[in-house]
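J.: Contents of final_24.cif (mmCIF, C-alpha atoms) are below:
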```cif
data_my_file
loop_
_atom_site.group_PDB
_atom_site.id
_atom_site.type_symbol
_atom_site.label_atom_id
_atom_site.label_comp_id
_atom_site.auth_asym_id
_atom_site.auth_seq_id
_atom_site.Cartn_x
_atom_site.Cartn_y
_atom_site.Cartn_z
ATOM 1 C CA MET A 24 -9.317 -7.483 -37.628
ATOM 2 C CA ILE A 25 -10.363 -7.782 -33.971
ATOM 3 C CA ASN A 26 -14.112 -7.945 -33.387
ATOM 4 C CA LEU A 27 -15.407 -8.114 -29.801
ATOM 5 C CA LYS A 28 -19.093 -7.456 -30.562
ATOM 6 C CA GLY A 29 -21.323 -9.468 -28.250
ATOM 7 C CA ARG A 30 -18.442 -10.595 -26.025
ATOM 8 C CA ASN A 31 -18.627 -10.625 -22.245
ATOM 9 C CA PHE A 32 -15.877 -8.925 -20.255
ATOM 10 C CA LEU A 33 -15.527 -11.083 -17.131
ATOM 11 C CA LYS A 34 -11.798 -11.654 -16.675
ATOM 12 C CA LEU A 35 -8.670 -11.033 -18.748
ATOM 13 C CA LEU A 36 -7.866 -14.750 -18.878
ATOM 14 C CA ASP A 37 -10.656 -14.904 -21.492
ATOM 15 C CA PHE A 38 -8.829 -12.506 -23.841
ATOM 16 C CA THR A 39 -5.717 -12.717 -26.001
ATOM 17 C CA PRO A 40 -2.902 -10.196 -25.597
ATOM 18 C CA GLU A 41 -3.920 -8.695 -28.939
ATOM 19 C CA GLU A 42 -7.518 -8.235 -27.788
ATOM 20 C CA ILE A 43 -6.414 -6.600 -24.524
ATOM 21 C CA LEU A 44 -4.143 -4.176 -26.366
ATOM 22 C CA TYR A 45 -6.930 -3.454 -28.859
ATOM 23 C CA LEU A 46 -9.107 -2.282 -25.945
ATOM 24 C CA VAL A 47 -6.263 -0.158 -24.569
ATOM 25 C CA ASP A 48 -5.705 1.416 -27.998
ATOM 26 C CA LEU A 49 -9.432 2.071 -28.380
ATOM 27 C CA ALA A 50 -9.489 3.685 -24.929
ATOM 28 C CA ALA A 51 -6.590 5.954 -25.895
ATOM 29 C CA ASP A 52 -8.445 6.980 -29.069
ATOM 30 C CA LEU A 53 -11.689 7.679 -27.182
ATOM 31 C CA LYS A 54 -9.750 9.636 -24.565
ATOM 32 C CA ASP A 55 -8.136 11.746 -27.269
ATOM 33 C CA LYS A 56 -11.538 12.445 -28.834
ATOM 34 C CA LYS A 57 -12.994 13.505 -25.482
ATOM 35 C CA LYS A 58 -10.075 15.834 -24.778
ATOM 36 C CA LYS A 59 -10.608 17.426 -28.198
ATOM 37 C CA GLY A 60 -14.354 17.764 -27.663
ATOM 38 C CA ILE A 61 -15.220 15.289 -30.418
ATOM 39 C CA LEU A 62 -18.590 13.744 -29.613
ATOM 40 C CA THR A 63 -19.071 9.957 -29.739
ATOM 41 C CA THR A 64 -22.769 9.877 -28.813
ATOM 42 C CA ASP A 65 -23.740 8.326 -32.151
ATOM 43 C CA MET A 66 -21.740 5.140 -31.509
ATOM 44 C CA HIS A 67 -24.532 3.452 -29.524
ATOM 45 C CA LYS A 68 -27.261 6.079 -29.464
ATOM 46 C CA GLY A 69 -30.589 4.842 -28.107
ATOM 47 C CA LYS A 70 -29.223 1.782 -26.316
ATOM 48 C CA ASN A 71 -29.589 1.139 -22.573
ATOM 49 C CA ILE A 72 -27.492 -0.704 -19.998
ATOM 50 C CA ALA A 73 -28.132 -1.894 -16.437
ATOM 51 C CA LEU A 74 -25.582 -1.255 -13.691
ATOM 52 C CA ILE A 75 -25.849 -3.760 -10.826
ATOM 53 C CA PHE A 76 -23.895 -2.684 -7.745
ATOM 54 C CA GLU A 77 -23.998 -5.146 -4.861
ATOM 55 C CA LYS A 78 -20.833 -3.369 -3.712
ATOM 56 C CA THR A 79 -20.963 0.419 -3.907
ATOM 57 C CA SER A 80 -18.248 2.401 -5.644
ATOM 58 C CA THR A 81 -17.249 5.926 -6.601
ATOM 59 C CA ARG A 82 -14.957 5.359 -9.588
ATOM 60 C CA THR A 83 -16.696 2.366 -11.152
ATOM 61 C CA ARG A 84 -20.180 3.861 -11.038
ATOM 62 C CA CYS A 85 -19.081 7.272 -12.300
ATOM 63 C CA SER A 86 -16.948 5.672 -15.007
ATOM 64 C CA PHE A 87 -19.776 3.539 -16.361
ATOM 65 C CA GLU A 88 -22.330 6.352 -16.236
ATOM 66 C CA VAL A 89 -20.106 8.970 -17.908
ATOM 67 C CA ALA A 90 -18.811 6.465 -20.465
ATOM 68 C CA ALA A 91 -22.341 5.385 -21.345
ATOM 69 C CA HIS A 92 -23.520 8.993 -21.638
ATOM 70 C CA ASP A 93 -20.617 9.808 -23.953
ATOM 71 C CA LEU A 94 -21.654 6.872 -26.181
ATOM 72 C CA GLY A 95 -25.315 7.937 -26.298
ATOM 73 C CA ILE A 96 -26.416 5.155 -23.929
ATOM 74 C CA GLY A 97 -28.978 5.350 -21.137
ATOM 75 C CA THR A 98 -28.205 3.793 -17.740
ATOM 76 C CA THR A 99 -30.267 2.292 -14.924
ATOM 77 C CA TYR A 100 -28.418 2.030 -11.609
ATOM 78 C CA LEU A 101 -29.401 -0.800 -9.258
ATOM 79 C CA ASP A 102 -27.868 -0.331 -5.795
ATOM 80 C CA PRO A 103 -27.599 -3.090 -3.162
ATOM 81 C CA LYS A 104 -31.140 -2.360 -1.948
ATOM 82 C CA ALA A 105 -32.726 -1.891 -5.365
ATOM 83 C CA SER A 106 -31.811 -5.274 -6.819
ATOM 84 C CA GLN A 107 -33.325 -8.618 -5.790
ATOM 85 C CA ILE A 108 -30.551 -10.589 -7.484
ATOM 86 C CA GLY A 109 -29.867 -13.765 -5.549
ATOM 87 C CA LYS A 110 -32.350 -12.758 -2.815
ATOM 88 C CA LYS A 111 -35.943 -12.850 -4.013
ATOM 89 C CA GLU A 112 -34.954 -13.699 -7.575
ATOM 90 C CA SER A 113 -32.321 -16.109 -8.830
ATOM 91 C CA ILE A 114 -29.346 -14.830 -10.779
ATOM 92 C CA GLU A 115 -30.516 -16.836 -13.802
ATOM 93 C CA ASP A 116 -33.982 -15.263 -13.695
ATOM 94 C CA THR A 117 -32.536 -11.779 -13.157
ATOM 95 C CA ALA A 118 -30.225 -12.254 -16.134
ATOM 96 C CA GLN A 119 -33.082 -13.182 -18.450
ATOM 97 C CA VAL A 120 -35.285 -10.306 -17.267
ATOM 98 C CA LEU A 121 -32.569 -7.663 -17.607
ATOM 99 C CA GLY A 122 -31.307 -9.176 -20.850
ATOM 100 C CA SER A 123 -34.735 -8.634 -22.393
ATOM 101 C CA MET A 124 -34.747 -4.931 -21.473
ATOM 102 C CA PHE A 125 -31.122 -3.826 -21.806
ATOM 103 C CA GLU A 126 -28.370 -4.145 -24.393
ATOM 104 C CA GLY A 127 -25.686 -4.698 -21.735
ATOM 105 C CA ILE A 128 -25.281 -5.409 -18.013
ATOM 106 C CA GLU A 129 -22.545 -4.402 -15.582
ATOM 107 C CA TYR A 130 -22.112 -6.307 -12.317
ATOM 108 C CA ARG A 131 -20.034 -5.258 -9.302
ATOM 109 C CA GLY A 132 -20.255 -7.505 -6.289
ATOM 110 C CA PHE A 133 -18.997 -10.654 -4.669
ATOM 111 C CA GLU A 134 -18.346 -14.118 -6.138
ATOM 112 C CA GLN A 135 -17.059 -14.431 -9.702
ATOM 113 C CA THR A 136 -19.643 -17.189 -10.189
ATOM 114 C CA LYS A 137 -22.394 -14.535 -10.012
ATOM 115 C CA VAL A 138 -21.123 -12.500 -12.951
ATOM 116 C CA GLU A 139 -20.391 -15.718 -14.864
ATOM 117 C CA THR A 140 -23.991 -16.885 -14.308
ATOM 118 C CA LEU A 141 -25.355 -13.514 -15.415
ATOM 119 C CA ALA A 142 -23.321 -13.778 -18.588
ATOM 120 C CA LYS A 143 -24.500 -17.344 -19.250
ATOM 121 C CA PHE A 144 -28.189 -16.445 -19.231
ATOM 122 C CA ALA A 145 -28.464 -12.724 -20.131
ATOM 123 C CA GLY A 146 -28.089 -13.013 -23.891
ATOM 124 C CA VAL A 147 -26.353 -9.605 -23.943
ATOM 125 C CA PRO A 148 -22.785 -8.539 -23.039
ATOM 126 C CA VAL A 149 -22.035 -8.629 -19.305
ATOM 127 C CA TRP A 150 -19.145 -6.636 -17.835
ATOM 128 C CA ASN A 151 -17.341 -7.317 -14.565
ATOM 129 C CA GLY A 152 -17.059 -4.102 -12.532
ATOM 130 C CA LEU A 153 -15.334 -6.040 -9.713
ATOM 131 C CA THR A 154 -15.723 -9.396 -8.002
ATOM 132 C CA ASN A 155 -13.844 -10.974 -5.127
ATOM 133 C CA GLU A 156 -11.583 -12.724 -7.625
ATOM 134 C CA PHE A 157 -11.040 -10.299 -10.516
ATOM 135 C CA HIS A 158 -11.108 -6.596 -11.456
ATOM 136 C CA PRO A 159 -10.541 -6.509 -15.243
ATOM 137 C CA THR A 160 -11.692 -2.943 -15.974
ATOM 138 C CA GLN A 161 -9.113 -1.657 -13.467
ATOM 139 C CA MET A 162 -6.423 -3.575 -15.341
ATOM 140 C CA LEU A 163 -7.147 -1.826 -18.623
ATOM 141 C CA ALA A 164 -6.913 1.540 -16.864
ATOM 142 C CA ASP A 165 -3.636 0.514 -15.270
ATOM 143 C CA VAL A 166 -2.106 -0.631 -18.547
ATOM 144 C CA LEU A 167 -3.165 2.586 -20.298
ATOM 145 C CA THR A 168 -1.663 4.636 -17.454
ATOM 146 C CA ILE A 169 1.602 2.673 -17.501
ATOM 147 C CA ARG A 170 1.945 3.185 -21.255
ATOM 148 C CA GLU A 171 1.203 6.900 -20.928
ATOM 149 C CA LYS A 172 3.720 7.396 -18.106
ATOM 150 C CA LEU A 173 6.507 4.978 -19.063
ATOM 151 C CA GLY A 174 6.066 4.795 -22.840
ATOM 152 C CA ARG A 175 5.928 0.999 -22.957
ATOM 153 C CA ILE A 176 4.111 -2.051 -21.622
ATOM 154 C CA LYS A 177 6.100 -5.166 -22.529
ATOM 155 C CA GLY A 178 9.021 -5.749 -20.178
ATOM 156 C CA VAL A 179 7.749 -3.387 -17.469
ATOM 157 C CA LYS A 180 8.529 -4.658 -13.974
ATOM 158 C CA LEU A 181 5.489 -4.278 -11.711
ATOM 159 C CA THR A 182 5.675 -4.970 -7.979
ATOM 160 C CA TYR A 183 2.494 -5.436 -5.978
ATOM 161 C CA MET A 184 2.841 -4.964 -2.225
ATOM 162 C CA GLY A 185 0.150 -6.067 0.212
ATOM 163 C CA ASP A 186 -2.556 -8.739 0.160
ATOM 164 C CA ALA A 187 -2.166 -10.452 -3.226
ATOM 165 C CA ARG A 188 -4.796 -13.178 -2.697
ATOM 166 C CA TYR A 189 -7.834 -11.401 -4.122
ATOM 167 C CA ASN A 190 -9.023 -9.341 -7.100
ATOM 168 C CA MET A 191 -6.141 -6.879 -7.400
ATOM 169 C CA GLY A 192 -3.249 -9.286 -6.861
ATOM 170 C CA ASN A 193 -4.925 -11.869 -9.098
ATOM 171 C CA SER A 194 -5.730 -9.440 -11.883
ATOM 172 C CA LEU A 195 -2.335 -7.735 -11.936
ATOM 173 C CA MET A 196 -0.641 -11.117 -12.143
ATOM 174 C CA VAL A 197 -2.929 -12.096 -15.040
ATOM 175 C CA VAL A 198 -2.460 -8.885 -17.036
ATOM 176 C CA CYS A 199 1.313 -9.000 -16.565
ATOM 177 C CA ALA A 200 1.396 -12.609 -17.779
ATOM 178 C CA LYS A 201 -0.791 -11.747 -20.781
ATOM 179 C CA LEU A 202 1.214 -8.684 -21.854
ATOM 180 C CA GLY A 203 4.776 -9.842 -21.252
ATOM 181 C CA MET A 204 5.346 -7.794 -18.098
ATOM 182 C CA HIS A 205 7.304 -8.900 -15.032
ATOM 183 C CA PHE A 206 5.050 -9.383 -11.994
ATOM 184 C CA THR A 207 6.309 -9.529 -8.426
ATOM 185 C CA ALA A 208 4.127 -10.206 -5.393
ATOM 186 C CA CYS A 209 6.037 -8.677 -2.485
ATOM 187 C CA THR A 210 4.296 -9.721 0.696
ATOM 188 C CA SER A 211 4.070 -12.295 3.461
ATOM 189 C CA LYS A 212 3.942 -15.826 2.063
ATOM 190 C CA LYS A 213 0.413 -16.377 3.418
ATOM 191 C CA TYR A 214 -0.800 -13.506 1.196
ATOM 192 C CA PHE A 215 0.473 -14.899 -2.131
ATOM 193 C CA PRO A 216 -2.140 -15.685 -4.827
ATOM 194 C CA GLU A 217 -3.686 -19.170 -5.094
ATOM 195 C CA GLN A 218 -1.279 -21.715 -6.595
ATOM 196 C CA SER A 219 -3.814 -22.810 -9.236
ATOM 197 C CA LEU A 220 -3.977 -19.276 -10.663
ATOM 198 C CA ILE A 221 -0.196 -18.930 -10.446
ATOM 199 C CA ASP A 222 0.149 -22.129 -12.483
ATOM 200 C CA GLU A 223 -2.323 -20.855 -15.099
ATOM 201 C CA CYS A 224 -0.423 -17.572 -15.402
ATOM 202 C CA LEU A 225 2.904 -19.390 -15.686
ATOM 203 C CA GLU A 226 1.531 -21.246 -18.711
ATOM 204 C CA VAL A 227 0.476 -17.942 -20.287
ATOM 205 C CA ALA A 228 3.860 -16.405 -19.481
ATOM 206 C CA LYS A 229 5.640 -19.082 -21.519
ATOM 207 C CA THR A 230 4.152 -17.540 -24.666
ATOM 208 C CA THR A 231 4.641 -13.854 -23.804
ATOM 209 C CA GLY A 232 8.021 -13.622 -22.084
ATOM 210 C CA ALA A 233 6.492 -12.540 -18.768
ATOM 211 C CA THR A 234 7.965 -13.596 -15.434
ATOM 212 C CA LEU A 235 6.317 -14.129 -12.054
ATOM 213 C CA THR A 236 8.184 -13.638 -8.788
ATOM 214 C CA PHE A 237 7.002 -14.163 -5.218
ATOM 215 C CA THR A 238 9.078 -12.798 -2.377
ATOM 216 C CA GLU A 239 8.811 -11.756 1.259
ATOM 217 C CA SER A 240 11.786 -9.414 0.863
ATOM 218 C CA VAL A 241 10.924 -5.752 0.294
ATOM 219 C CA GLU A 242 14.470 -5.032 -0.834
ATOM 220 C CA GLU A 243 14.378 -7.816 -3.416
ATOM 221 C CA GLY A 244 10.792 -7.158 -4.485
ATOM 222 C CA THR A 245 11.151 -3.442 -5.111
ATOM 223 C CA LYS A 246 14.640 -3.514 -6.631
ATOM 224 C CA ASP A 247 14.619 -1.760 -10.024
ATOM 225 C CA ALA A 248 10.805 -1.849 -10.248
ATOM 226 C CA ASP A 249 9.133 0.348 -12.865
ATOM 227 C CA VAL A 250 5.800 0.319 -11.022
ATOM 228 C CA ILE A 251 5.054 -0.120 -7.341
ATOM 229 C CA TYR A 252 1.411 -0.901 -6.743
ATOM 230 C CA THR A 253 -0.676 -1.382 -3.609
ATOM 231 C CA ASP A 254 -4.269 -1.564 -2.427
ATOM 232 C CA ILE A 255 -6.094 -1.251 0.891
ATOM 233 C CA TRP A 256 -5.386 -4.109 3.295
ATOM 234 C CA VAL A 257 -8.869 -4.561 4.755
ATOM 235 C CA SER A 258 -12.340 -3.981 3.363
ATOM 236 C CA MET A 259 -15.104 -2.167 5.208
ATOM 237 C CA GLY A 260 -17.226 -4.381 7.441
ATOM 238 C CA GLU A 261 -14.513 -6.912 8.239
ATOM 239 C CA PRO A 262 -14.105 -7.571 11.996
ATOM 240 C CA GLU A 263 -11.464 -5.868 14.125
ATOM 241 C CA GLU A 264 -9.502 -9.116 14.519
ATOM 242 C CA VAL A 265 -8.978 -9.164 10.736
ATOM 243 C CA TRP A 266 -7.725 -5.561 10.824
ATOM 244 C CA LYS A 267 -5.157 -6.414 13.502
ATOM 245 C CA GLU A 268 -3.999 -9.560 11.716
ATOM 246 C CA ARG A 269 -3.549 -7.790 8.372
ATOM 247 C CA ILE A 270 -1.864 -4.729 9.872
ATOM 248 C CA ASP A 271 0.591 -6.872 11.829
ATOM 249 C CA ALA A 272 1.427 -8.953 8.755
ATOM 250 C CA LEU A 273 1.450 -6.237 6.105
ATOM 251 C CA LEU A 274 2.965 -3.214 7.832
ATOM 252 C CA PRO A 275 6.464 -4.241 6.624
ATOM 253 C CA TYR A 276 5.035 -3.989 3.080
ATOM 254 C CA GLN A 277 3.781 -0.425 3.384
ATOM 255 C CA VAL A 278 4.805 1.615 0.337
ATOM 256 C CA ASN A 279 7.052 4.358 1.694
ATOM 257 C CA ALA A 280 9.923 6.556 0.541
ATOM 258 C CA LYS A 281 12.471 3.807 1.195
ATOM 259 C CA ALA A 282 10.592 1.322 -0.992
ATOM 260 C CA MET A 283 10.234 3.872 -3.793
ATOM 261 C CA ALA A 284 13.914 4.782 -3.564
ATOM 262 C CA ASN A 285 14.836 1.141 -4.165
ATOM 263 C CA ALA A 286 12.845 1.144 -7.423
ATOM 264 C CA LYS A 287 13.996 2.787 -10.637
ATOM 265 C CA LYS A 288 14.419 6.540 -10.571
ATOM 266 C CA GLU A 289 11.534 6.997 -13.036
ATOM 267 C CA ALA A 290 9.272 4.455 -11.292
ATOM 268 C CA VAL A 291 5.629 5.331 -10.687
ATOM 269 C CA PHE A 292 3.359 4.612 -7.729
ATOM 270 C CA MET A 293 -0.109 3.207 -8.469
ATOM 271 C CA HIS A 294 -3.196 2.490 -6.354
ATOM 272 C CA CYS A 295 -6.727 1.534 -7.434
ATOM 273 C CA LEU A 296 -8.243 3.703 -4.640
ATOM 274 C CA PRO A 297 -9.645 4.475 -2.143
ATOM 275 C CA SER A 298 -6.532 4.771 0.018
ATOM 276 C CA TYR A 299 -5.874 5.142 3.739
ATOM 277 C CA HIS A 300 -2.849 7.421 3.558
ATOM 278 C CA ASN A 301 -3.887 10.039 6.136
ATOM 279 C CA LEU A 302 -6.492 10.822 8.791
ATOM 280 C CA GLU A 303 -8.953 12.556 6.469
ATOM 281 C CA THR A 304 -11.400 9.630 6.329
ATOM 282 C CA GLU A 305 -13.604 8.032 8.970
ATOM 283 C CA VAL A 306 -11.818 4.718 8.486
ATOM 284 C CA GLY A 307 -8.413 6.368 8.745
ATOM 285 C CA ARG A 308 -9.322 8.026 12.027
ATOM 286 C CA GLU A 309 -10.813 4.801 13.382
ATOM 287 C CA VAL A 310 -7.630 2.881 12.557
ATOM 288 C CA TYR A 311 -5.542 5.579 14.220
ATOM 289 C CA GLU A 312 -7.625 5.421 17.393
ATOM 290 C CA LYS A 313 -7.395 1.618 17.593
ATOM 291 C CA PHE A 314 -3.902 0.944 16.282
ATOM 292 C CA GLY A 315 -2.034 4.269 16.443
ATOM 293 C CA LEU A 316 -1.259 4.331 12.703
ATOM 294 C CA ALA A 317 -1.855 7.518 10.705
ATOM 295 C CA GLU A 318 -1.001 5.807 7.400
ATOM 296 C CA LEU A 319 -1.646 2.259 6.253
ATOM 297 C CA GLU A 320 -0.803 0.721 2.870
ATOM 298 C CA VAL A 321 1.027 3.842 1.626
ATOM 299 C CA THR A 322 2.487 6.908 3.277
ATOM 300 C CA ASP A 323 1.040 10.320 2.567
ATOM 301 C CA GLU A 324 4.448 11.382 1.267
ATOM 302 C CA VAL A 325 4.392 8.781 -1.497
ATOM 303 C CA PHE A 326 0.667 9.092 -2.258
ATOM 304 C CA LYS A 327 0.961 12.831 -2.841
ATOM 305 C CA GLY A 328 4.491 12.725 -4.195
ATOM 306 C CA PRO A 329 5.779 13.328 -7.741
ATOM 307 C CA GLN A 330 5.916 9.607 -8.600
ATOM 308 C CA SER A 331 2.240 9.048 -7.800
ATOM 309 C CA VAL A 332 -0.040 8.645 -10.824
ATOM 310 C CA VAL A 333 -3.136 7.552 -8.899
ATOM 311 C CA PHE A 334 -5.466 10.276 -10.196
ATOM 312 C CA ALA A 335 -4.453 9.821 -13.834
ATOM 313 C CA GLU A 336 -5.097 6.125 -13.240
ATOM 314 C CA ALA A 337 -8.536 6.898 -11.773
ATOM 315 C CA GLU A 338 -9.492 9.041 -14.780
ATOM 316 C CA ASN A 339 -8.443 6.243 -17.111
ATOM 317 C CA ARG A 340 -11.066 3.970 -15.546
ATOM 318 C CA MET A 341 -13.673 5.940 -17.479
ATOM 319 C CA HIS A 342 -11.845 5.899 -20.809
ATOM 320 C CA THR A 343 -11.111 2.162 -20.675
ATOM 321 C CA ILE A 344 -14.634 1.276 -19.523
ATOM 322 C CA LYS A 345 -15.919 3.344 -22.450
ATOM 323 C CA ALA A 346 -13.743 1.230 -24.740
ATOM 324 C CA VAL A 347 -15.123 -2.015 -23.304
ATOM 325 C CA ILE A 348 -18.734 -0.865 -23.772
ATOM 326 C CA ALA A 349 -18.093 0.525 -27.258
ATOM 327 C CA ALA A 350 -16.287 -2.615 -28.423
ATOM 328 C CA THR A 351 -18.670 -5.240 -27.063
ATOM 329 C CA LEU A 352 -22.179 -3.793 -27.541
#
```
Since I need it in another form, could you write the structure as structure tokens?

T.:
Amino acid sequence: MINLKGRNFLKLLDFTPEEILYLVDLAADLKDKKKKGILTTDMHKGKNIALIFEKTSTRTRCSFEVAAHDLGIGTTYLDPKASQIGKKESIEDTAQVLGSMFEGIEYRGFEQTKVETLAKFAGVPVWNGLTNEFHPTQMLADVLTIREKLGRIKGVKLTYMGDARYNMGNSLMVVCAKLGMHFTACTSKKYFPEQSLIDECLEVAKTTGATLTFTESVEEGTKDADVIYTDIWVSMGEPEEVWKERIDALLPYQVNAKAMANAKKEAVFMHCLPSYHNLETEVGREVYEKFGLAELEVTDEVFKGPQSVVFAEAENRMHTIKAVIAATL
């Protein structure tokens, strides 16, 4: 019997394959209950959680707030200006203060060391809503979506195209290694994940049957893929020189109709969002004015096409986050 009560949820390397699948199964059950109108507000009625957002978000904030509400939990949202964490108050002190008032704490921000320090001193479960290094709640949503769309998890071939050095590339490689999936990073060699994490995942893969592949060839990387996945190339606030460097290096790895056609016929396209696939955003228009590109990491044709499951994936953020809260409080 799997019991995750009191556990932190910081990165999937901390969890066994069985524990990860338990959370996915729980999410599927909670999703089914919500679709049927079965209330779950008695599960943790009267409890309260703090949501620390040093990086703002649409999906993560909404997912945590709706999930908490559905479980009977109150939420307090601390935006980048409302929290003194690491500024006027140390992370250790913040953890102890919030841990005395709340039954759980979510953190979305920068270094993984911050969420690890919160977890060390809070005395209550701490959940990683995203750090520079890992994005574990997104992984649960992705795995649930893959199982819903393809009917299986183990043996699925997932190809990630773009900058694989940070949270998304790292986390997808980890979850594939943990669950016996086949991970391919298809990008310029300078954008491969850190070798130390690759080595750790290779050790995990020995026990699960997973494989890890790293290639600069789009034809090789997308061949017979079940899932083609990408993310934005540049984050807001990064200087223009970084935009130019990334665009020049990653444009060959844009997910387009040709890349999708090289994958399996039933392959799906996934993206953690937001996406710069048209000119309907301020960033999209700014990029077009500076670089002449109307689409970046994915074409509008693919993003809106029949193989795209990005909005089902986005909805599943809420169901899987609900499972994490329900299981660990």

J.: Skip A:Ile96 itself and residues of its chain fewer than 6 positions away, then list as JSON, numbers by chain all residues within 6 Å of it, counting only C-alpha atoms.

T.: {"A": [68, 69, 70, 71]}

J.: Which is closest to A:Arg131 among A:Phe157, A:Trp266, A:Tyr183, A:Tyr276, if we use all atoms listed in the file?

T.: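 Nearest candidate to A:Arg131 out of A:Phe157, A:Trp266, A:Tyr183, A:Tyr276: A:Phe157.
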
J.: If we count all atoms listed in the file, what is near A:Ala233 at a cut-off of 8 Å, once residues fewer than 6 positions away on the same chain are taken out, given as a PyMOL selection string?

T.: chain A and resi 178+199-206

J.: Give me, as a PDB file with C-alpha atoms, in the frame of the given file, all polymer residues having an atom no more than 10 Å from A:Lys54, counting all atoms listed in the file and skipping those fewer than 6 positions away in the same chain.

T.:
```pdb
ATOM      1  CA  ASP A  48      -5.705   1.416 -27.998  1.00  0.00           C
ATOM      2  CA  GLY A  60     -14.354  17.764 -27.663  1.00  0.00           C
ATOM      3  CA  ILE A  61     -15.220  15.289 -30.418  1.00  0.00           C
ATOM      4  CA  GLU A 338      -9.492   9.041 -14.780  1.00  0.00           C
ATOM      5  CA  ASN A 339      -8.443   6.243 -17.111  1.00  0.00           C
ATOM      6  CA  MET A 341     -13.673   5.940 -17.479  1.00  0.00           C
ATOM      7  CA  HIS A 342     -11.845   5.899 -20.809  1.00  0.00           C
ATOM      8  CA  THR A 343     -11.111   2.162 -20.675  1.00  0.00           C
ATOM      9  CA  LYS A 345     -15.919   3.344 -22.450  1.00  0.00           C
ATOM     10  CA  ALA A 346     -13.743   1.230 -24.740  1.00  0.00           C
TER      11      ALA A 346
END
```

J.: Give me the residues within 7 Å of A:Arg340 as a list in words, counting all atoms listed in the file and dropping any in the same chain fewer than 6 places off.

T.: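 The neighbour list is Ser86, Thr160, Gln161 and Ala164 of chain A.
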
J.: Which residues are near stretch 319-334 of chain A? Cut-off 9 Å, all atoms listed in the file, ignore same chain within fewer than 2 positions. Put them as a ChimeraX atom specification.

T.: /A:168,172,184-185,253-256,270,273-274,276-280,283,289-296,298-301,307,310,316-317,336-339

J.: How many Å lie between atom CA of A:Phe125 and atom CA of A:Thr79, rounded to one decimal?

T.: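 Interatomic distance here is 21.0 Å.
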
J.: Once the PyMOL selection byres ((chain A and resi 136) around 12) has been evaluated on this model, what residues remain selected, and can you format them as number ranges by chain?

T.: A: 33-34, 109, 114-115, 130-135, 137-143, 151, 153-157

J.: Deliver the residues from the most recent selection as a file, using C-alpha atoms, as a PDB file, keeping the file's coordinate frame.

T.:
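Saved as result_9.pdb:
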```pdb
ATOM      1  CA  LEU A  33     -15.527 -11.083 -17.131  1.00  0.00           C
ATOM      2  CA  LYS A  34     -11.798 -11.654 -16.675  1.00  0.00           C
ATOM      3  CA  GLY A 109     -29.867 -13.765  -5.549  1.00  0.00           C
ATOM      4  CA  ILE A 114     -29.346 -14.830 -10.779  1.00  0.00           C
ATOM      5  CA  GLU A 115     -30.516 -16.836 -13.802  1.00  0.00           C
ATOM      6  CA  TYR A 130     -22.112  -6.307 -12.317  1.00  0.00           C
ATOM      7  CA  ARG A 131     -20.034  -5.258  -9.302  1.00  0.00           C
ATOM      8  CA  GLY A 132     -20.255  -7.505  -6.289  1.00  0.00           C
ATOM      9  CA  PHE A 133     -18.997 -10.654  -4.669  1.00  0.00           C
ATOM     10  CA  GLU A 134     -18.346 -14.118  -6.138  1.00  0.00           C
ATOM     11  CA  GLN A 135     -17.059 -14.431  -9.702  1.00  0.00           C
ATOM     12  CA  LYS A 137     -22.394 -14.535 -10.012  1.00  0.00           C
ATOM     13  CA  VAL A 138     -21.123 -12.500 -12.951  1.00  0.00           C
ATOM     14  CA  GLU A 139     -20.391 -15.718 -14.864  1.00  0.00           C
ATOM     15  CA  THR A 140     -23.991 -16.885 -14.308  1.00  0.00           C
ATOM     16  CA  LEU A 141     -25.355 -13.514 -15.415  1.00  0.00           C
ATOM     17  CA  ALA A 142     -23.321 -13.778 -18.588  1.00  0.00           C
ATOM     18  CA  LYS A 143     -24.500 -17.344 -19.250  1.00  0.00           C
ATOM     19  CA  ASN A 151     -17.341  -7.317 -14.565  1.00  0.00           C
ATOM     20  CA  LEU A 153     -15.334  -6.040  -9.713  1.00  0.00           C
ATOM     21  CA  THR A 154     -15.723  -9.396  -8.002  1.00  0.00           C
ATOM     22  CA  ASN A 155     -13.844 -10.974  -5.127  1.00  0.00           C
ATOM     23  CA  GLU A 156     -11.583 -12.724  -7.625  1.00  0.00           C
ATOM     24  CA  PHE A 157     -11.040 -10.299 -10.516  1.00  0.00           C
TER      25      PHE A 157
END
```

J.: If you apply the PyMOL selection byres ((chain A and resi 127) around 9) to this file, what residues do you get, as a list of chain:residue names?

T.: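 So the PyMOL selection byres ((chain A and resi 127) around 9), applied here, picks out A:Lys70, A:Asn71, A:Ile72, A:Ala73, A:Leu74, A:Leu121, A:Gly122, A:Phe125, A:Glu126, A:Ile128, A:Glu129, A:Ala145, A:Gly146, A:Val147, A:Pro148, A:Val149, A:Trp150, A:Ile348, A:Thr351, A:Leu352.
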
J.: Please expand the PyMOL selection byres ((chain A and resi 286) around 10) into the concrete residues it hits in this file, giving the result as a short mmCIF file (atom, residue, chain, number, x, y, z; two decimals) with C-alpha atoms, keeping the file's coordinate frame.

T.:
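Okay, this is what ended up in selection03.cif:
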```
data_model
loop_
_atom_site.label_atom_id
_atom_site.label_comp_id
_atom_site.auth_asym_id
_atom_site.auth_seq_id
_atom_site.Cartn_x
_atom_site.Cartn_y
_atom_site.Cartn_z
CA LYS A 180 8.53 -4.66 -13.97
CA THR A 182 5.68 -4.97 -7.98
CA GLU A 242 14.47 -5.03 -0.83
CA GLU A 243 14.38 -7.82 -3.42
CA GLY A 244 10.79 -7.16 -4.49
CA THR A 245 11.15 -3.44 -5.11
CA LYS A 246 14.64 -3.51 -6.63
CA ASP A 247 14.62 -1.76 -10.02
CA ALA A 248 10.80 -1.85 -10.25
CA ASP A 249 9.13 0.35 -12.86
CA VAL A 250 5.80 0.32 -11.02
CA ILE A 251 5.05 -0.12 -7.34
CA LYS A 281 12.47 3.81 1.20
CA ALA A 282 10.59 1.32 -0.99
CA MET A 283 10.23 3.87 -3.79
CA ALA A 284 13.91 4.78 -3.56
CA ASN A 285 14.84 1.14 -4.16
CA LYS A 287 14.00 2.79 -10.64
CA LYS A 288 14.42 6.54 -10.57
CA GLU A 289 11.53 7.00 -13.04
CA ALA A 290 9.27 4.46 -11.29
CA VAL A 291 5.63 5.33 -10.69
#
```
